[in-house]
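Here the structure is laid out as structure tokens; the discussion comes afterwards.
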Amino acid sequence: MTRYRLTVLTPLLAGDGQKLAPIDYMVWKDQVNVLDQRRIFRLLARGPRLETYLNQIRRAEKLDFASWGGYAQNYASRRIPFEHPSLAAYYARTSAEHLFIPTFAATAGGAIYVPGSVIKGALRRAVLLDSLSAHHWKQALDVLQRAERAPRRPAGPLEEAALGPSSTDRLRSLMISDSDPLPPGGRTRICLLRTATLVQRGGRLELGWKMSPRGAVESRRPGDSTPHFAEMAMPGTVFEGTLGLASAARQERIRKALRWNGEPCDWERSMAAANRAAAQLLALHRRYAEATGLRAVADSMAQLEQRLEQIRAGNNACLLCIGWGTGLLSKSASLDTASGPYHELLRLLPVYREQIRTGLPFPKTRQVVFLNDQPAALPGWVEFAIAGPEGGR
């Protein structure tokens, strides 16, 4: 087996689907104090206050800090700092329905890690993006046009045509582990994200910020929009794990039996495909940021493009966009949403039909990470590199 190294370049949330409800934590001293509810229950069970506490949890949207703040100070299982002190004020003004905080994937002991499936999923999407031809898209479009109702998995025929059916999928030869767990202390922060969108004003497209449930704010001030909070690993955090290549990919007889025509899908080819996909996606994001006046975001994309140029000189590293908040384009099998067969396919899907009919650029929104209370970056960009044989760190 070989070691890999994943370096976070912009704030990253590789989650496991878990969220902190507003009654699971309290904000105190510019940090989220995650309550150790089991410990609190055991403590309160010794006296008369347990019923009062349970009644408040049952009725309240947030816990009353005046009554129960001492538990946040003394009975917290985790303390996650805010990325910037200003987030405490935004938290106080935000309704409870928007205060469910997605958390980083963690072990039972609280150590954070990046699931291997998150990495392999991004590589799979890049290989698919690299493998699809106009013929594949025409076939998928024909299937969708003939269908009586929209299929649950419209991309299924595309994946099968390009990569093979699930039993003989060419990417099954790539094996990757979850990253080694890291102690959470100092690794993650509670970050603020807002949804940027395009608003048509006077025949021009301008930057707006989404306010739930009212749509786009008729103001360029991001402070008017609905904030989203998430636990994210900060730039510079490094995760490591192991990867390998299935023995079947090295044996010609087995490759023929599995109908893996041509060369097998190995790590070098997969990472080359990922870099080509990253170059296209970064260019789209940079143009969006420049058109909307998000200068810091545009600068961040330009820096990532420079980093991509540096690592493309070798064959052992790539840039990936992974995790929560990365949007449709980071998961799509095509980046040409304005024309061509992919555009026609989107027009046939009920979930996207109305957005396409507006004639506005699609997708028109981006989740923007705010750093130091300013729009600064798009989430989820990492550098994935082969570090060397296991045991040779």
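Labels used: A, B, ... for chains in the order of the structure tokens, numbers from 1 for residues in each chain, and numbers from 1 for ligands as shown.
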For this session: Name the residues of range 102-260 of chain A that come out as alpha helix (DSSP H) in a backbone DSSP run; write them as a ChimeraX atom specification.
Result: /A:116-131,134-146,156-163,252-257
Output C-alpha atoms for every residue in the selection just made, as a tab-separated table (two decimals), in the first residue's frame.
chain	number	residue	atom	x	y	z
A	116	GLY	CA	-12.20	7.63	1.55
A	117	SER	CA	-15.51	7.62	-0.34
A	118	VAL	CA	-15.42	11.43	-0.50
A	119	ILE	CA	-12.04	11.36	-2.26
A	120	LYS	CA	-12.89	8.48	-4.58
A	121	GLY	CA	-16.21	10.08	-5.49
A	122	ALA	CA	-14.41	13.23	-6.67
A	123	LEU	CA	-11.93	11.15	-8.69
A	124	ARG	CA	-14.78	9.13	-10.20
A	125	ARG	CA	-16.55	12.28	-11.30
A	126	ALA	CA	-13.33	13.58	-12.91
A	127	VAL	CA	-12.75	10.33	-14.83
A	128	LEU	CA	-16.38	10.36	-15.97
A	129	LEU	CA	-16.06	13.98	-17.12
A	130	ASP	CA	-12.94	12.98	-19.05
A	131	SER	CA	-14.44	9.83	-20.61
A	134	ALA	CA	-20.96	13.29	-27.66
A	135	HIS	CA	-22.25	9.79	-28.47
A	136	HIS	CA	-22.70	9.00	-24.77
A	137	TRP	CA	-24.65	12.21	-24.22
A	138	LYS	CA	-26.86	11.57	-27.25
A	139	GLN	CA	-27.71	8.10	-25.95
A	140	ALA	CA	-28.58	9.46	-22.49
A	141	LEU	CA	-30.72	12.22	-24.02
A	142	ASP	CA	-32.59	9.70	-26.19
A	143	VAL	CA	-33.34	7.52	-23.14
A	144	LEU	CA	-34.65	10.51	-21.18
A	145	GLN	CA	-36.80	11.76	-24.06
A	146	ARG	CA	-38.43	8.34	-24.48
A	156	GLY	CA	-27.02	5.98	-14.61
A	157	PRO	CA	-26.82	5.20	-18.36
A	158	LEU	CA	-23.96	7.69	-18.75
A	159	GLU	CA	-21.89	6.09	-16.00
A	160	GLU	CA	-22.53	2.59	-17.27
A	161	ALA	CA	-21.62	3.52	-20.85
A	162	ALA	CA	-18.37	5.26	-19.87
A	163	LEU	CA	-17.19	3.19	-16.89
A	252	GLU	CA	-4.40	-8.86	-18.44
A	253	ARG	CA	-6.46	-12.07	-18.24
A	254	ILE	CA	-8.70	-10.63	-15.51
A	255	ARG	CA	-8.99	-7.30	-17.28
A	256	LYS	CA	-10.30	-9.06	-20.38
A	257	ALA	CA	-12.78	-11.08	-18.31
For this session: Compare A:Gly110, A:Pro85, A:Pro227, A:Gly380 by their minimum atom-to-atom distance to Ala196 in chain A, counting only C-alpha atoms, and give me the closest one.
Result: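 For Ala196 in chain A, the nearest of the candidates is A:Pro227.
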Problem set entry | Selection: 12 Å around Trp68 in chain A, only C-alpha atoms, excl. self and same-chain fewer than 6 positions, as a PyMOL selection string | chain A and resi 23+25-28+35+40+44+49-50+52-54+56-57+62+74-76
Selected residues written out, C-alpha atoms, as a PDB file, in the first residue's frame:
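Contents of result-v4.pdb, freshly written:
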ATOM      1  CA  ILE A  23     -30.372  22.581  21.741  1.00  0.00           C
ATOM      2  CA  TYR A  25     -24.860  23.437  22.048  1.00  0.00           C
ATOM      3  CA  MET A  26     -24.511  26.934  23.497  1.00  0.00           C
ATOM      4  CA  VAL A  27     -22.429  29.817  22.227  1.00  0.00           C
ATOM      5  CA  TRP A  28     -20.119  31.261  24.849  1.00  0.00           C
ATOM      6  CA  LEU A  35     -23.063  19.916  25.549  1.00  0.00           C
ATOM      7  CA  ILE A  40     -25.751  16.600  32.310  1.00  0.00           C
ATOM      8  CA  LEU A  44     -29.407  16.640  37.176  1.00  0.00           C
ATOM      9  CA  ARG A  49     -33.835  20.244  38.149  1.00  0.00           C
ATOM     10  CA  LEU A  50     -33.906  17.399  35.619  1.00  0.00           C
ATOM     11  CA  THR A  52     -37.121  21.594  34.295  1.00  0.00           C
ATOM     12  CA  TYR A  53     -34.213  20.965  31.944  1.00  0.00           C
ATOM     13  CA  LEU A  54     -36.127  18.327  29.946  1.00  0.00           C
ATOM     14  CA  GLN A  56     -36.941  23.435  28.273  1.00  0.00           C
ATOM     15  CA  ILE A  57     -35.289  21.103  25.750  1.00  0.00           C
ATOM     16  CA  LYS A  62     -32.356  27.418  21.824  1.00  0.00           C
ATOM     17  CA  ASN A  74     -18.353  23.103  32.636  1.00  0.00           C
ATOM     18  CA  TYR A  75     -20.016  20.208  30.805  1.00  0.00           C
ATOM     19  CA  ALA A  76     -19.019  20.612  27.158  1.00  0.00           C
TER      20      ALA A  76
END
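Of the residues in range 222-356 of chain A, those given strand (DSSP E or B) by DSSP on the backbone are His228, Phe229, Ala230, Glu231, Met232, Ala233, Val238, Phe239, Glu240, Gly241, Thr242, Leu243, Gly244, Leu245, Ala317, Cys318, Leu319, Leu320 and Cys321 of chain A.
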Problem set entry | A:Asp169, A:Thr94, A:Asp180, A:Pro115 ranked by distance to Asp224 in chain A, top pick (using only C-alpha atoms) | A:Thr94
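Considering only C-alpha atoms, the residue among A:Ala246, A:Arg153, A:Lys29, A:Pro181 positioned nearest to Ala88 in chain A is A:Lys29.
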For this session: Would you list the contacts of Phe384 in chain A as a ChimeraX atom specification, taking every protein, DNA or RNA residue within 6 Å and counting only C-alpha atoms, but skipping same-chain residues closer than 6 positions in sequence?
Result: /A:5-6,317-318
For the contact check between range 314-345 of chain A and range 355-358 of chain A, emit one row per residue of range 314-345 of chain A within 10 Å, containing the shortest atom pair and the distance in Å rounded to one decimal, counting only C-alpha atoms, chain then rising number order, as a Markdown table.
| residue | atom | partner | partner_atom | distance |
| --- | --- | --- | --- | --- |
| A:Thr337 | CA | A:Ile356 | CA | 9.2 |
| A:Ala338 | CA | A:Ile356 | CA | 9.0 |
| A:His343 | CA | A:Ile356 | CA | 8.3 |
| A:Glu344 | CA | A:Ile356 | CA | 9.5 |
Just the selected residues (C-alpha atoms), exported as a short mmCIF file (atom, residue, chain, number, x, y, z; two decimals), in the first residue's frame, please.
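Below is the file that was written, result.cif:
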data_model
loop_
_atom_site.label_atom_id
_atom_site.label_comp_id
_atom_site.auth_asym_id
_atom_site.auth_seq_id
_atom_site.Cartn_x
_atom_site.Cartn_y
_atom_site.Cartn_z
CA THR A 337 -24.52 24.14 -18.82
CA ALA A 338 -25.28 26.82 -21.42
CA HIS A 343 -28.19 21.66 -21.35
CA GLU A 344 -30.98 19.81 -23.19
#
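What separates CA of Thr10 in chain A from CA of Phe229 in chain A is a distance of 15.6 Å.
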For this session: Find the distance between CA of Met1 in chain A and CA of Asn315 in chain A and write it in Å to one decimal.
Result: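 According to the coordinates, CA of Met1 in chain A and CA of Asn315 in chain A are separated by 17.8 Å.
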Exercise. Which residues come within 12 Å of Arg187 in chain A, counting only C-alpha atoms, excluding same-chain residues fewer than 4 positions away, as a PyMOL selection string?
Worked result: chain A and resi 8+11-13+79-83+104+110-113+181-183+231-239
